[in-house]
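Participant: Have a look at this one before I ask anything.
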Amino acid sequence: DRISGINCVSGPRSNPHPHDYSDRLIRPGELVFIDIMSHYLGYATCYYRTFAVTNATQRQKDIYRKAMDWLQASIDVVRPGITTADICKQWPTAKEMGFASEKDAFGLAVGHGIGLSHHEKPWISNMFSLDHPVPLVEGMHFALETFYGEEDDGARIEVQVIVTKDGHNVITHWPCEELMICNPK
């Protein structure tokens with residue numbers, strides 16, 4: 001129905017993730033991640049994808065793999081009866097990501113409800129879910145997203161998940177299992 005925002009970040013701006021826009025040109029050999037926020041039939045969608053432009057180094061592939069592994073681990077535990085804390089336990093702490101506090105790392109490994117808005121309850125974050133867990137119930141719809149960065153490269157991946165009677169269903173169908181290379185040489 002409409003696009004609410006597209007956040008596109010590349011190269012040295014990608015680590016740490018700035019969560020803002022720039023007029024910086026995307027260059028060959030860089031990782032670029034895009035946050036696509038849209039609405040369909042009145043409901044919000046939200047997902048990040050990371051791409052390599054023309055080629056990817058092994059280090060860039062490893063950066064992507066680390067973000068993907070954290071994301072997949074958090075998806076794998078989703079089912080009714082667990083809590084938001086159980087999801088957070090699949091993600092690194094702020095210190096493991098190189099930040100002084102969970103507040104400084106907020107938004108780098110996070111989950112958030114999706115409905116009529118892009119960001120609704122439950123909020124899933126090490127900053128508060130470990131101390132204030134929310135139980136998951138069938139029918140909940142939320143996004144899970146992870147980030148990992150080294151030097152001048154960062155990878156960000158996000159999917160939308162619905163809690164089902166027996167587990168979960170990932171409803172974001174744009175592939176993300178492997179780092180995609182755009183316009184390969």
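Naming works like this for the structure tokens: A, B, ... for the chains as they're shown, residue 1 at the start of each chain, ligands 1 onward in shown order.
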Within 12 Å of stretch 108-114 of chain A, which residues of stretch 12-35 of chain A come that close, and what is the closest atom pair and distance in Å for each? Count only C-alpha atoms and give it as a Markdown table.

Facilitator:
| residue | atom | partner | partner_atom | distance |
| --- | --- | --- | --- | --- |
| A:Ser14 | CA | A:Leu108 | CA | 11.7 |
| A:Asn15 | CA | A:Leu108 | CA | 10.7 |
| A:Pro16 | CA | A:Leu108 | CA | 9.1 |
| A:His17 | CA | A:Leu108 | CA | 7.7 |
| A:Pro18 | CA | A:Leu108 | CA | 10.3 |
| A:His19 | CA | A:Leu108 | CA | 9.9 |

Participant: I'd like the contact shell of stretch 141-150 of chain A - 8 Å cut-off, only C-alpha atoms, skipping same-chain residues fewer than 4 positions apart - returned as a count of residues only.

Facilitator: 35

Participant: From chain A, collect each residue whose DSSP state is strand (DSSP E or B) and return the set as a PyMOL selection string.

Facilitator: chain A and resi 2-10+31-40+43-53+83+109-113+120-124+135+141-150+153-163+168-170+180-182

Participant: At what distance in Å, to one decimal, does atom CA of A:Arg79 lie from atom CA of A:Ile34?

Facilitator: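 Computing the Euclidean distance for atom CA of A:Ile34 and atom CA of A:Arg79 yields 28.0 Å.
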
Participant: DSSP says helix (DSSP H, G or I) for which residues of stretch 16-182 of chain A? Put them as an NGL selection string?

Facilitator: :A and (58-76 or 84-88)
